Each structure stands twice: as C-alpha cells, then as structure tokens.
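Trainee: Have a peek at input-v5.txt (compact mmCIF, C-alpha atoms and all ligand atoms).
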```txt
# COMPACT_ATOMS: atom_id res chain seq x y z
CA LEU A 1 -22.51 -20.75 -5.88
CA ASN A 2 -24.02 -18.62 -8.64
CA GLU A 3 -22.89 -18.71 -12.26
CA THR A 4 -19.91 -16.43 -11.64
CA GLY A 5 -18.62 -18.86 -9.05
CA LYS A 6 -19.43 -16.56 -6.14
CA THR A 7 -21.78 -16.99 -3.22
CA ASP A 8 -24.11 -14.24 -2.02
CA SER A 9 -22.12 -13.77 1.19
CA GLY A 10 -18.87 -11.87 0.73
CA ALA A 11 -17.03 -13.56 3.60
CA ALA A 12 -17.83 -16.99 2.25
CA VAL A 13 -16.38 -15.99 -1.12
CA ILE A 14 -13.08 -15.06 0.45
CA ILE A 15 -12.70 -18.08 2.71
CA ALA A 16 -13.76 -20.33 -0.16
CA SER A 17 -11.09 -18.73 -2.35
CA LYS A 18 -8.22 -20.90 -3.54
CA LYS A 19 -5.91 -17.95 -2.95
CA PRO A 20 -4.10 -18.30 0.41
CA PHE A 21 -3.70 -14.52 0.73
CA LEU A 22 -7.49 -14.01 0.48
CA GLN A 23 -8.16 -16.97 2.76
CA VAL A 24 -6.12 -15.38 5.55
CA LEU A 25 -7.66 -11.92 5.05
CA GLY A 26 -11.12 -13.53 5.12
CA GLY A 27 -10.49 -15.04 8.55
CA GLY A 28 -9.47 -18.52 7.40
CA THR A 29 -6.29 -20.42 8.18
CA THR A 30 -3.53 -21.77 5.96
CA ALA A 31 -0.64 -24.15 6.71
CA ARG A 32 1.86 -21.28 6.49
CA PRO A 33 1.49 -17.53 6.04
CA PRO A 34 1.08 -16.17 2.51
CA ILE A 35 3.82 -13.77 1.40
CA TRP A 36 4.20 -10.70 -0.80
CA LEU A 37 6.50 -7.69 -0.39
CA MET A 38 5.74 -4.00 -0.45
CA ARG A 39 7.36 -2.46 -3.56
CA GLN A 40 8.08 -5.95 -4.90
CA ALA A 41 8.29 -4.52 -8.42
CA GLY A 42 11.15 -2.06 -8.68
CA ARG A 43 14.71 -1.12 -9.30
CA TYR A 44 16.29 -4.08 -7.44
CA LEU A 45 15.12 -6.23 -10.39
CA PRO A 46 17.15 -5.99 -13.64
CA GLU A 47 14.02 -6.84 -15.67
CA TYR A 48 12.25 -3.85 -14.09
CA ARG A 49 15.12 -1.51 -14.99
CA ALA A 50 14.96 -2.75 -18.58
CA THR A 51 11.21 -2.14 -18.90
CA ARG A 52 11.52 1.20 -17.09
CA ALA A 53 14.10 2.32 -19.68
CA ARG A 54 11.66 1.54 -22.51
CA ALA A 55 8.81 3.49 -20.90
CA GLY A 56 10.26 7.01 -20.87
CA SER A 57 9.32 8.81 -17.67
CA PHE A 58 8.15 7.06 -14.51
CA LEU A 59 4.61 8.44 -14.93
CA ASP A 60 4.60 7.17 -18.53
CA LEU A 61 5.26 3.71 -17.07
CA CYS A 62 2.39 4.09 -14.57
CA TYR A 63 -0.02 5.07 -17.39
CA ASN A 64 1.12 2.44 -19.91
CA PRO A 65 -1.05 -0.66 -19.28
CA GLU A 66 1.11 -3.03 -21.33
CA LEU A 67 4.32 -2.10 -19.52
CA ALA A 68 2.68 -1.66 -16.09
CA ILE A 69 1.16 -5.16 -16.39
CA GLU A 70 4.60 -6.49 -17.34
CA VAL A 71 6.41 -4.97 -14.32
CA THR A 72 3.60 -6.07 -11.97
CA LEU A 73 4.06 -9.67 -13.11
CA GLN A 74 7.89 -9.72 -13.06
CA PRO A 75 8.23 -10.45 -9.31
CA ILE A 76 5.39 -12.99 -9.53
CA ARG A 77 7.19 -14.94 -12.25
CA ARG A 78 10.51 -14.76 -10.45
CA PHE A 79 9.42 -15.51 -6.87
CA GLY A 80 5.85 -16.87 -7.03
CA PHE A 81 4.45 -14.49 -4.41
CA ASP A 82 0.90 -15.10 -3.14
CA ALA A 83 -0.23 -11.64 -4.26
CA ALA A 84 0.58 -9.20 -7.04
CA ILE A 85 0.28 -5.48 -6.32
CA LEU A 86 -0.79 -3.13 -9.07
CA PHE A 87 2.20 -1.24 -10.42
CA SER A 88 1.42 2.47 -10.06
CA ASP A 89 2.26 5.19 -7.54
CA ILE A 90 0.42 7.09 -4.83
CA MET A 91 1.08 10.35 -6.75
CA VAL A 92 -1.38 9.50 -9.55
CA VAL A 93 -4.28 10.77 -7.41
CA PRO A 94 -3.00 14.37 -7.04
CA HIS A 95 -1.96 14.20 -10.70
CA ALA A 96 -5.49 13.15 -11.72
CA LEU A 97 -6.89 16.02 -9.63
CA GLY A 98 -4.93 18.43 -11.82
CA GLN A 99 -1.78 19.04 -9.76
CA LYS A 100 1.49 19.18 -11.66
CA VAL A 101 3.52 16.02 -10.76
CA TRP A 102 6.83 14.76 -12.11
CA PHE A 103 9.57 12.35 -10.98
CA GLU A 104 13.19 13.35 -10.74
CA GLU A 105 15.78 10.62 -11.28
CA GLY A 106 17.35 9.63 -7.97
CA VAL A 107 15.16 12.09 -6.02
CA GLY A 108 11.55 10.88 -6.27
CA PRO A 109 8.26 12.69 -6.73
CA ARG A 110 8.09 16.46 -7.24
CA LEU A 111 4.86 18.48 -7.24
CA GLU A 112 3.88 22.09 -7.75
CA PRO A 113 2.94 22.78 -4.12
CA VAL A 114 -0.56 23.58 -2.86
CA THR A 115 0.01 25.44 0.40
CA ALA A 116 -3.29 27.04 1.46
CA ALA A 117 -7.04 26.47 1.23
CA ASP A 118 -7.56 29.24 -1.35
CA GLU A 119 -5.40 27.25 -3.80
CA LEU A 120 -7.66 24.18 -3.62
CA ASP A 121 -9.84 25.40 -6.53
CA ARG A 122 -6.88 24.51 -8.76
CA LEU A 123 -7.83 20.87 -8.11
CA SER A 124 -10.89 19.29 -9.71
CA TYR A 125 -12.46 16.05 -10.90
CA ASP A 126 -12.67 17.25 -14.53
CA GLY A 127 -9.96 14.94 -15.86
CA PHE A 128 -9.92 12.44 -12.98
CA GLU A 129 -11.39 9.34 -14.63
CA GLN A 130 -9.66 10.05 -17.92
CA VAL A 131 -6.20 10.30 -16.35
CA LEU A 132 -6.78 7.17 -14.25
CA GLY A 133 -8.39 5.11 -17.04
CA PRO A 134 -5.10 3.42 -18.00
CA VAL A 135 -4.56 2.36 -14.36
CA TYR A 136 -7.92 0.56 -14.37
CA GLN A 137 -6.98 -1.07 -17.69
CA THR A 138 -3.77 -2.25 -16.03
CA VAL A 139 -5.75 -3.76 -13.13
CA ALA A 140 -8.04 -5.60 -15.55
CA GLY A 141 -5.06 -6.85 -17.57
CA ILE A 142 -3.23 -8.17 -14.49
CA ALA A 143 -6.42 -9.88 -13.28
CA ARG A 144 -6.62 -11.73 -16.60
CA GLU A 145 -3.00 -12.94 -16.33
CA LEU A 146 -2.89 -14.21 -12.74
CA ASP A 147 -3.36 -17.89 -11.96
CA ASP A 148 -5.96 -19.07 -9.46
CA SER A 149 -3.59 -19.06 -6.49
CA THR A 150 -2.32 -15.47 -6.79
CA ALA A 151 -4.40 -12.52 -5.57
CA LEU A 152 -4.42 -8.98 -6.96
CA ILE A 153 -3.98 -6.02 -4.61
CA GLY A 154 -5.03 -2.50 -5.56
CA PHE A 155 -3.75 0.46 -3.54
CA ALA A 156 -3.73 4.17 -2.87
CA GLY A 157 -1.86 6.56 -0.61
CA ALA A 158 -3.77 7.66 2.50
CA PRO A 159 -4.90 11.30 2.64
CA TRP A 160 -2.29 12.57 5.13
CA THR A 161 0.64 10.98 3.27
CA VAL A 162 -0.57 12.17 -0.15
CA ALA A 163 -1.37 15.64 1.28
CA SER A 164 2.16 15.88 2.70
CA TYR A 165 3.65 15.49 -0.81
CA MET A 166 1.05 17.89 -2.27
CA VAL A 167 1.88 20.60 0.27
CA GLU A 168 5.65 20.09 0.55
CA GLY A 169 6.07 19.72 -3.20
CA GLY A 170 7.83 16.36 -2.73
CA GLY A 171 9.36 14.26 0.03
CA SER A 172 10.16 15.94 3.33
CA ARG A 173 12.20 15.39 6.48
CA ASP A 174 10.12 17.38 8.96
CA PHE A 175 6.77 17.99 7.19
CA ALA A 176 7.01 21.61 8.36
CA LYS A 177 4.74 23.09 5.66
CA ALA A 178 2.07 20.39 5.87
CA LYS A 179 2.01 20.60 9.67
CA ALA A 180 1.98 24.39 9.64
CA TRP A 181 -1.16 24.29 7.49
CA ALA A 182 -2.81 21.49 9.53
CA TYR A 183 -2.09 23.17 12.89
CA GLY A 184 -2.61 26.78 11.77
CA ASP A 185 -5.74 26.36 9.63
CA PRO A 186 -7.33 23.01 10.54
CA GLU A 187 -10.63 23.81 8.78
CA GLY A 188 -8.82 24.64 5.53
CA PHE A 189 -6.57 21.57 5.80
CA GLN A 190 -9.67 19.46 6.49
CA ARG A 191 -10.98 20.52 3.06
CA LEU A 192 -7.85 19.08 1.43
CA ILE A 193 -8.17 15.85 3.46
CA ASP A 194 -11.90 15.59 2.61
CA LEU A 195 -11.10 16.05 -1.08
CA LEU A 196 -8.53 13.24 -0.84
CA VAL A 197 -10.96 10.97 1.04
CA GLU A 198 -13.48 11.39 -1.79
CA ALA A 199 -10.85 10.91 -4.52
CA THR A 200 -9.41 7.85 -2.78
CA VAL A 201 -12.84 6.21 -2.37
CA ARG A 202 -13.55 6.71 -6.09
CA TYR A 203 -10.09 5.48 -7.09
CA LEU A 204 -10.12 2.35 -4.89
CA SER A 205 -13.71 1.43 -5.81
CA ALA A 206 -12.85 1.68 -9.50
CA GLN A 207 -9.86 -0.62 -8.95
CA VAL A 208 -12.15 -3.22 -7.34
CA GLU A 209 -14.57 -2.89 -10.26
CA ALA A 210 -11.64 -3.50 -12.63
CA GLY A 211 -10.57 -6.67 -10.79
CA ALA A 212 -8.63 -5.83 -7.61
CA GLU A 213 -9.41 -8.46 -4.93
CA ALA A 214 -7.96 -6.64 -1.91
CA LEU A 215 -6.83 -3.08 -1.21
CA GLN A 216 -3.97 -1.51 0.71
CA LEU A 217 -3.96 2.07 1.94
CA PHE A 218 -0.40 3.39 2.49
CA ASP A 219 -0.07 6.01 5.25
CA SER A 220 3.71 5.99 5.09
CA TRP A 221 4.14 9.21 7.09
CA ALA A 222 1.54 8.67 9.85
CA GLY A 223 4.44 8.51 12.32
CA ALA A 224 5.25 12.19 11.74
CA LEU A 225 2.14 13.24 13.67
CA PRO A 226 1.51 13.40 17.44
CA GLU A 227 -1.54 11.62 18.86
CA ARG A 228 -4.28 14.21 18.44
CA ALA A 229 -3.24 15.08 14.88
CA LEU A 230 -2.73 11.44 13.96
CA ARG A 231 -6.27 10.59 15.08
CA ARG A 232 -7.74 13.46 13.06
CA TRP A 233 -5.64 13.29 9.87
CA CYS A 234 -4.84 9.55 9.66
CA LEU A 235 -7.27 7.43 11.71
CA ALA A 236 -10.49 9.35 10.96
CA PRO A 237 -9.92 9.56 7.17
CA ALA A 238 -8.94 5.87 7.06
CA MET A 239 -12.18 4.94 8.88
CA GLU A 240 -14.17 7.00 6.41
CA ILE A 241 -12.45 5.43 3.38
CA VAL A 242 -12.90 1.89 4.73
CA ARG A 243 -16.56 2.54 5.54
CA ARG A 244 -17.36 4.03 2.13
CA VAL A 245 -15.43 1.50 0.03
CA LYS A 246 -17.06 -1.35 1.97
CA GLN A 247 -20.48 0.22 1.46
CA GLN A 248 -19.94 -0.32 -2.27
CA HIS A 249 -17.85 -3.49 -2.05
CA PRO A 250 -18.65 -5.24 1.26
CA SER A 251 -16.46 -8.28 0.66
CA VAL A 252 -13.20 -6.58 -0.38
CA PRO A 253 -10.56 -6.90 2.35
CA ILE A 254 -8.70 -3.69 3.20
CA ILE A 255 -5.18 -3.49 4.65
CA LEU A 256 -4.02 -0.27 6.34
CA PHE A 257 -0.37 0.70 6.74
CA PRO A 258 -0.21 3.50 9.34
CA ARG A 259 3.57 3.44 9.37
CA GLY A 260 5.06 4.75 12.61
CA ALA A 261 1.75 4.78 14.51
CA GLY A 262 3.42 3.06 17.50
CA MET A 263 1.00 2.21 20.29
CA LEU A 264 -1.81 3.73 18.23
CA TYR A 265 -1.68 0.58 16.06
CA ARG A 266 -4.01 -0.80 18.74
CA ASP A 267 -6.49 2.03 18.12
CA PHE A 268 -6.35 1.42 14.35
CA ALA A 269 -7.09 -2.26 15.06
CA LEU A 270 -10.10 -1.41 17.23
CA GLU A 271 -11.54 1.56 15.34
CA SER A 272 -10.51 1.71 11.68
CA GLY A 273 -12.71 -1.09 10.36
CA ALA A 274 -9.78 -2.43 8.29
CA ASP A 275 -9.38 -6.20 7.96
CA ALA A 276 -5.62 -6.11 8.39
CA LEU A 277 -2.85 -3.81 9.60
CA SER A 278 0.57 -3.73 8.01
CA LEU A 279 3.15 -3.42 10.81
CA ASP A 280 6.25 -1.28 10.39
CA THR A 281 9.68 -2.61 11.42
CA MET A 282 9.62 -0.89 14.83
CA VAL A 283 6.47 -2.57 16.21
CA PRO A 284 7.55 -5.13 18.87
CA LEU A 285 6.37 -8.60 17.85
CA ALA A 286 4.97 -9.85 21.17
CA TRP A 287 3.09 -6.57 21.66
CA ALA A 288 1.67 -6.86 18.13
CA ARG A 289 0.54 -10.44 18.84
CA ASP A 290 -1.23 -9.52 22.10
CA ARG A 291 -2.63 -6.07 21.20
CA VAL A 292 -3.12 -6.03 17.43
CA GLN A 293 -3.31 -9.59 16.07
CA SER A 294 -5.92 -10.32 18.76
CA GLU A 295 -8.24 -7.95 16.83
CA VAL A 296 -7.24 -8.07 13.14
CA VAL A 297 -5.00 -9.87 10.66
CA VAL A 298 -1.44 -8.54 10.78
CA GLN A 299 1.03 -8.15 7.93
CA GLY A 300 4.74 -7.55 8.20
CA ASN A 301 7.25 -6.65 9.35
CA LEU A 302 10.74 -7.73 8.27
CA ASP A 303 13.37 -5.00 8.04
CA PRO A 304 13.90 -4.47 4.27
CA ILE A 305 17.63 -3.98 4.84
CA LEU A 306 17.87 -7.69 5.76
CA LEU A 307 17.29 -8.33 2.04
CA VAL A 308 20.48 -6.39 1.34
CA THR A 309 22.55 -8.36 3.85
CA GLY A 310 20.92 -11.82 3.69
CA GLY A 311 22.51 -14.75 5.55
CA GLU A 312 22.03 -15.59 9.21
CA ALA A 313 20.61 -12.15 10.12
CA LEU A 314 17.88 -12.62 7.51
CA ARG A 315 17.08 -16.13 8.75
CA ARG A 316 16.89 -14.94 12.38
CA GLY A 317 14.66 -11.98 11.45
CA VAL A 318 12.26 -14.21 9.51
CA LEU A 319 12.06 -16.81 12.30
CA ASP A 320 11.40 -14.14 14.94
CA ILE A 321 8.32 -13.05 12.99
CA LEU A 322 7.10 -16.57 12.20
CA GLU A 323 7.62 -17.84 15.76
CA THR A 324 5.79 -14.91 17.37
CA LEU A 325 3.06 -14.12 14.84
CA GLY A 326 2.89 -17.28 12.73
CA SER A 327 0.26 -19.09 14.82
CA GLY A 328 -2.28 -16.29 14.33
CA PRO A 329 -3.53 -14.62 11.15
CA LEU A 330 -0.39 -13.34 9.40
CA VAL A 331 0.54 -12.16 5.92
CA PHE A 332 4.32 -12.23 5.71
CA ASN A 333 5.75 -8.95 4.38
CA LEU A 334 8.36 -6.29 5.01
CA GLY A 335 7.94 -3.46 7.53
CA ALA A 336 8.58 -0.91 4.73
CA GLY A 337 9.13 -1.01 1.00
CA ILE A 338 11.95 -3.04 -0.55
CA VAL A 339 15.07 -0.95 -1.30
CA PRO A 340 16.86 -0.74 -4.68
CA SER A 341 20.02 -2.37 -3.24
CA ALA A 342 18.13 -5.52 -2.16
CA ASP A 343 19.63 -8.70 -3.62
CA PRO A 344 17.07 -10.74 -5.63
CA GLN A 345 18.75 -13.95 -4.39
CA HIS A 346 17.99 -12.93 -0.79
CA VAL A 347 14.36 -12.37 -1.77
CA ALA A 348 14.28 -15.90 -3.19
CA ASP A 349 15.87 -17.18 0.07
CA LEU A 350 13.18 -15.36 2.07
CA VAL A 351 10.33 -16.94 0.10
CA GLU A 352 11.91 -20.38 0.61
CA LEU A 353 12.28 -19.80 4.37
CA VAL A 354 8.62 -18.78 4.77
CA ARG A 355 7.32 -21.57 2.52
CA GLY A 356 9.43 -24.17 4.33
CA TRP A 357 8.37 -23.14 7.83
CA ARG A 358 6.35 -25.52 10.01
CA ALA A 359 4.49 -24.02 12.95
O1 LIG B 401 12.92 5.16 -10.63
C1 LIG B 401 11.90 4.50 -10.47
O2 LIG B 401 11.67 3.49 -11.17
C2 LIG B 401 10.90 4.98 -9.46
C3 LIG B 401 10.87 4.21 -8.18
C4 LIG B 401 9.41 4.02 -7.77
C5 LIG B 401 8.67 2.82 -7.85
C6 LIG B 401 9.15 1.49 -8.31
C7 LIG B 401 8.54 5.03 -7.34
C8 LIG B 401 8.83 6.45 -7.16
N1 LIG B 401 7.28 4.46 -7.13
C9 LIG B 401 7.32 3.12 -7.43
C10 LIG B 401 6.19 2.18 -7.43
C11 LIG B 401 5.32 2.13 -6.24
N2 LIG B 401 5.13 3.12 -5.31
C12 LIG B 401 4.48 1.05 -5.91
C13 LIG B 401 4.31 -0.12 -6.86
C14 LIG B 401 3.88 -1.41 -6.50
C15 LIG B 401 4.86 -2.30 -5.75
O3 LIG B 401 4.81 -2.29 -4.50
O4 LIG B 401 5.57 -3.08 -6.40
C16 LIG B 401 3.83 1.38 -4.70
C17 LIG B 401 2.86 0.53 -3.88
C18 LIG B 401 4.24 2.68 -4.34
C19 LIG B 401 3.74 3.42 -3.18
C20 LIG B 401 4.43 4.66 -2.74
N3 LIG B 401 4.98 5.64 -3.53
C21 LIG B 401 4.53 5.08 -1.39
C22 LIG B 401 3.96 4.32 -0.23
C23 LIG B 401 4.75 3.13 0.14
C24 LIG B 401 6.08 3.35 0.81
O5 LIG B 401 7.06 2.78 0.33
O6 LIG B 401 6.10 4.05 1.83
C25 LIG B 401 5.20 6.31 -1.37
C26 LIG B 401 5.56 7.13 -0.15
C27 LIG B 401 5.48 6.66 -2.71
C28 LIG B 401 6.14 7.89 -3.19
C29 LIG B 401 7.32 7.58 -4.02
N4 LIG B 401 7.26 7.20 -5.32
C30 LIG B 401 8.52 6.95 -5.80
C31 LIG B 401 9.43 7.15 -4.71
C32 LIG B 401 10.92 7.00 -4.79
C33 LIG B 401 8.66 7.52 -3.60
C34 LIG B 401 9.15 7.76 -2.19
C35 LIG B 401 9.69 9.16 -2.04
C36 LIG B 401 9.98 9.49 -0.59
O7 LIG B 401 10.62 8.67 0.09
O8 LIG B 401 9.55 10.55 -0.17
```
Do you think you could lay out the structure here as structure tokens?
Mentor:
Amino acid sequence: LNETGKTDSGAAVIIASKKPFLQVLGGGTTARPPIWLMRQAGRYLPEYRATRARAGSFLDLCYNPELAIEVTLQPIRRFGFDAAILFSDIMVVPHALGQKVWFEEGVGPRLEPVTAADELDRLSYDGFEQVLGPVYQTVAGIARELDDSTALIGFAGAPWTVASYMVEGGGSRDFAKAKAWAYGDPEGFQRLIDLLVEATVRYLSAQVEAGAEALQLFDSWAGALPERALRRWCLAPAMEIVRRVKQQHPSVPIILFPRGAGMLYRDFALESGADALSLDTMVPLAWARDRVQSEVVVQGNLDPILLVTGGEALRRGVLDILETLGSGPLVFNLGAGIVPSADPQHVADLVELVRGWRA
C-alpha cells in the first residue's frame, strides 16, 4: 500500500476495499449481495420533497451542491444502502452542451429539440465544464461524508437515451423522431452520438476525479431499437465509453443498464467491456444466471411496483432473485427506477430481507 492507502494494481484496490459493493464489482465475494436502488433519492421520500421545495426548480437542485449532497445522503441515512448514487439527472449533459432544458412538474424533462445534423452547431463545449462544475463539487462533498462501508456511484445517460430526449424534446412513446433521424440519415445521427460519447467520457472521468468510485451508464430506452440499430447506437457507443473511461481510470468499475435489450444482454456481457450489467425486470432469472452472470457481475432486477404493494409478493420476488442469482456475483437492485408511490416502509423491509438472507 502506498501513502494514499492504495496499491498500484487497480483490481487489488477494489477487492481490498472495505465496501461490499466495490468488493463484488471487483470480482470478490461477500456473505450476501450488496444493495442499492436506482432512483433511491426521490419523491417517495418526504425528506426529499421538503428539500426539493427549498431548491426552486429541479435543475436548481441538481446544480446546488449543498442540497444535492443532502438528497443523495437521505436514503443512505434512512436505509443504510451499500452505495450512494450522485443526485443529478441525465439531462445535465445536453444542458451543459448548450441545449435549452427545463423540467415540467408532473411531466418530466422538456428540451428545445435538435432534429437534424445541421442544427448540431448549436451545441458546443464552451460552457460545459462551467455548467457541470457544481455537479463535481457535489460528488466531492458526498465522498467526504460517506463512511468506509458505503461506495459512491457516479452516472450518466447513454448516448442513445440522451439523444432520444434531445431529438424528441422530452419523453416519448414511440421515439418516432429520433428513429426517423437515425434510420434516414445515419451519418448525421452518428455525429450526434459521437458528440455524446465524447461529452459522456469527459463527464464520467471528471466524476471519478472528484471522488466517484464506480459508474453507471443508463440506457433506459435501448429496448426501443431493433437488433441492428441497438448494436450501432447502444452497444458500440457503450463499448467506446467504457474503453475510453478505463483508459484514464483503469480501476473504476462500470455498470451498464441497457434496459430492454432482451437476449442482447448476452452480447453486452461479452462485448461491452463493462464490469456489470443492470438487468431490467423482464430478463428471466435462470437465463441471466447461465448467459450473463457467467460473464459479468449482474445487478437487479426486482419489479419496482413490488415496493408499492409490499407483503408476500415482495418477499417472493426478492427470494426468487436471491435463490437464482445470489450464489454468483450479484448487486441487489430494482429492474427500473423506484416510483414516487413506493412506500418507504417496504423499502426498509426489502433491505432487511436481503441483509437477512443466507445462501
Ligand atoms: O420532481 C422531481 O423531483 C423530479 C423527479 C426526478 C428525479 C428524482 C427526475 C426528473 N430526475 C431525478 C433524479 C435522477 N434521475 C437520478 C438521481 C439519483 C438516484 O437514483 O437517486 C438518476 C440516476 C436519474 C436518471 C434518469 N433521469 C434516467 C435514467 C434512469 C431511469 O430511471 O430510466 C432518465 C430516463 C431520466 C430522465 C428523467 N428525469 C426526471 C424524470 C421524471 C425522468 C424520466 C422521464 C421519462 O420517463 O421520460
């Protein structure tokens, strides 16, 4: 160990970590799977709603280090998860590239759409680091606050998912505009994807430099694309991001969430270079064990609605995952983000079930 407490070999650092989440991502084993939940900070928590009300707009909250640190830590204090995830949003990258972004109450993100390659000159790196500076301050502040058993996850949206919001001007049901551009002018759409690959590499690397110990790339809308398009616009950019971030930070574990990728989860496991794949709720557990967990660490994949209902259905859902995936490398999580109607008591019950499990 050198004076900073780290060895020269990245892998050894992770396995030697006292943090169970980093131990599992580094290829080590723990008595039971570590647990955190996607979107674990959010409107289902009364303390989040109170802080959110003080912040002003949602973007103001994302760019206010003091308040963003506070909401990041709220679920850690309440439930003692094994990892904290930076409180921010995937829309800060297009915003930092100069696109107009705002959040509408009860609707979600809205953007001034970019619909063709000749509009890409509206985007630039001129204000990029300045806009994102407060996010890096938040990362550094969270890192200072966490104890030595809780890891810090940084994140970004994957290029296809972020591009879909940039082109559609917000959320979409059918992704008709984004697909029309990708299918009709693939070279032009590639320029947007390449721009987002570059921006995402810069953004994620800066989070690691500020103190993030692992990274997650959210491709929430991968499942909207058929095979050929999914390989080009989701798998290839993810490979490129993983390769380039690891070039700068070889020991940082990277989790990919290609939600809805179906059988192509196997291809992500074999080709992406990611350390772990976050499974969506639809991936069959035994298939995931044999075809995905055989290659990489898996994370997932409880249906978030079970945290609304709780009770026996929740217990059964948790045991199904633990009994099928719990003997291999597993980070317990949801198969999609937590919903605002989740009951915090059911989240506490979930943590107790996972912590009390014996393989
Ligand atoms: O009113 C509010 O307070 C806003 C609700 C909210 C929250 C709490 C939004 C708006 N974003 C967030 C935080 C957020 N978003 C985090 C924080 C860290 C944590 O997990 O605790 C993260 C990781 C995200 C990532 C994110 N934002 C994704 C990918 C993950 C996923 O759930 O699929 C996506 C698609 C977004 C876009 C977005 N931002 C907000 C909403 C409501 C949405 C989804 C809109 C849609 O469904 O199209």
Trainee: Each residue of chain A with at least one atom at most 8 Å from ligand LIG 401 (chain B) should appear once, together with its nearest atom pair and the corresponding distance in Å (one decimal); atoms considered: only C-alpha atoms and all ligand atoms; ordering: chain, then increasing residue number; output as a Markdown table.
Mentor:
```
| residue | atom | partner | partner_atom | distance |
| --- | --- | --- | --- | --- |
| A:Leu37 | CA | B:LIG401 | O3 | 7.0 |
| A:Met38 | CA | B:LIG401 | O3 | 4.5 |
| A:Arg39 | CA | B:LIG401 | O3 | 2.7 |
| A:Gln40 | CA | B:LIG401 | O4 | 4.1 |
| A:Ala41 | CA | B:LIG401 | O4 | 3.7 |
| A:Gly42 | CA | B:LIG401 | C6 | 4.1 |
| A:Arg43 | CA | B:LIG401 | O2 | 5.8 |
| A:Tyr48 | CA | B:LIG401 | O2 | 7.9 |
| A:Arg49 | CA | B:LIG401 | O2 | 7.2 |
| A:Arg52 | CA | B:LIG401 | O2 | 6.3 |
| A:Phe58 | CA | B:LIG401 | O2 | 6.0 |
| A:Thr72 | CA | B:LIG401 | O4 | 6.6 |
| A:Ala84 | CA | B:LIG401 | O4 | 7.9 |
| A:Ile85 | CA | B:LIG401 | C14 | 5.4 |
| A:Leu86 | CA | B:LIG401 | C14 | 5.6 |
| A:Phe87 | CA | B:LIG401 | C14 | 4.3 |
| A:Ser88 | CA | B:LIG401 | C13 | 5.0 |
| A:Asp89 | CA | B:LIG401 | N2 | 4.2 |
| A:Ile90 | CA | B:LIG401 | N3 | 5.0 |
| A:Met91 | CA | B:LIG401 | C28 | 6.7 |
| A:Phe103 | CA | B:LIG401 | C8 | 7.1 |
| A:Glu105 | CA | B:LIG401 | O1 | 6.2 |
| A:Gly106 | CA | B:LIG401 | O1 | 6.8 |
| A:Val107 | CA | B:LIG401 | C32 | 6.7 |
| A:Gly108 | CA | B:LIG401 | C32 | 4.2 |
| A:Pro109 | CA | B:LIG401 | N4 | 5.8 |
| A:Phe155 | CA | B:LIG401 | C17 | 6.6 |
| A:Ala156 | CA | B:LIG401 | C19 | 7.5 |
| A:Gly157 | CA | B:LIG401 | C22 | 6.2 |
| A:Thr161 | CA | B:LIG401 | C26 | 7.1 |
| A:Val162 | CA | B:LIG401 | C26 | 7.9 |
| A:Tyr165 | CA | B:LIG401 | O8 | 7.7 |
| A:Gly170 | CA | B:LIG401 | O8 | 6.6 |
| A:Gly171 | CA | B:LIG401 | O8 | 3.7 |
| A:Ser172 | CA | B:LIG401 | O8 | 6.5 |
| A:Phe218 | CA | B:LIG401 | C22 | 5.2 |
| A:Asp219 | CA | B:LIG401 | C22 | 7.0 |
| A:Ser220 | CA | B:LIG401 | O6 | 4.5 |
| A:Trp221 | CA | B:LIG401 | O6 | 7.6 |
| A:Arg259 | CA | B:LIG401 | O6 | 8.0 |
| A:Ala336 | CA | B:LIG401 | O5 | 5.9 |
| A:Gly337 | CA | B:LIG401 | O5 | 4.4 |
| A:Ile338 | CA | B:LIG401 | O5 | 7.7 |
```
Trainee: What does the structure give for the distance between atom CA of A:Ile35 and atom CA of A:Pro329, in Å to one decimal?
Mentor: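 Here the two named atoms are 12.2 Å from each other.
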Trainee: For a quick check of understanding, using all atoms listed in the file, which of A:Leu277, A:Leu225, A:Val197, A:Leu204 has the smallest distance to A:Ala238?
Mentor: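 Checking each of A:Leu277, A:Leu225, A:Val197, A:Leu204 against A:Ala238, counting all atoms listed in the file, the winner is A:Val197.
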Trainee: Please indicate the distance in Å from atom CA of A:Gln207 to atom CA of A:Leu152, rounded to one decimal place.
Mentor: 10.2 Å
Trainee: Using atom CA of A:Phe268 and atom CA of A:Val298 as the two end points, give the distance in Å to one decimal.
Mentor: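 Interatomic distance here is 11.7 Å.
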Trainee: My list of candidates is A:Arg266, A:His249, A:Lys100, A:Lys179. Which is closest to A:Ala212 when distances are computed with all atoms listed in the file?
Mentor: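 The shortest atom-to-atom distance to A:Ala212 comes from A:His249.
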Trainee: May I have the protein, DNA and RNA residues with any atom at most 12 Å from the point (-6.9, -22.0, -2.5), counting all atoms listed in the file, written as a list in words?
Mentor: Val13, Ile14, Ile15, Ala16, Ser17, Lys18, Lys19, Pro20, Phe21, Leu22, Gln23, Val24, Gly28, Thr29, Thr30, Ala31, Pro34, Asp82, Asp147, Asp148, Ser149, Thr150 and Ala151 of chain A
Trainee: Could you pull the residues within 12 Å of A:Asp320, counting all atoms listed in the file, minus those fewer than 3 positions along the same chain, as a ChimeraX atom specification?
Mentor: /A:284-286,300-303,313-317,323-326,332,354,357
Trainee: Might you pull out every residue within 9 Å of A:Phe128, with only C-alpha atoms counted and same-chain residues fewer than 4 positions away left off, and present them as a list in words?
Mentor: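 Residues near the query, excluding close chain neighbours: Val93, His95, Ala96, Leu97, Gly98, Ser124, Leu132, Gly133 and Ala199 of chain A.
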Trainee: From the options A:Pro304, A:Pro186, A:Gly223, A:Gly211, which residue's atoms come nearest to A:Asn333, counting all atoms listed in the file?
Mentor: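 Residue with the minimum atom-to-atom distance to A:Asn333: A:Pro304.
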Trainee: With all atoms listed in the file as the atoms that count, which of A:Ile241, A:Gln74, A:Val252, A:Thr115 lies nearest to A:Gly154?
Mentor: A:Val252
Trainee: Could you check the closest approach to A:Ser205 for each of A:Gly56, A:Pro226, A:Gly169, A:Pro250 and tell me which residue wins, using only C-alpha atoms?
Mentor: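 Result for the nearest residue to A:Ser205: A:Pro250.
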Trainee: Using only C-alpha atoms, give me every residue within 10 Å of (0.8, 18.5, 9.7) in file coordinates, as a list in words.
Mentor: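 Residues with an atom at most 10 Å from (0.8, 18.5, 9.7): Trp160, Thr161, Ala163, Ser164, Val167, Asp174, Phe175, Ala176, Lys177, Ala178, Lys179, Ala180, Trp181, Ala182, Tyr183, Gly184, Pro186, Phe189, Ala222, Ala224, Leu225, Pro226, Ala229, Leu230 and Trp233 of chain A.
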Trainee: Using only C-alpha atoms for the distances, tell me which of A:Thr138, A:Thr309, A:Gln130, A:Gln299 is nearest to A:Gly335.
Mentor: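 Closest to A:Gly335, using only C-alpha atoms: A:Gln299.
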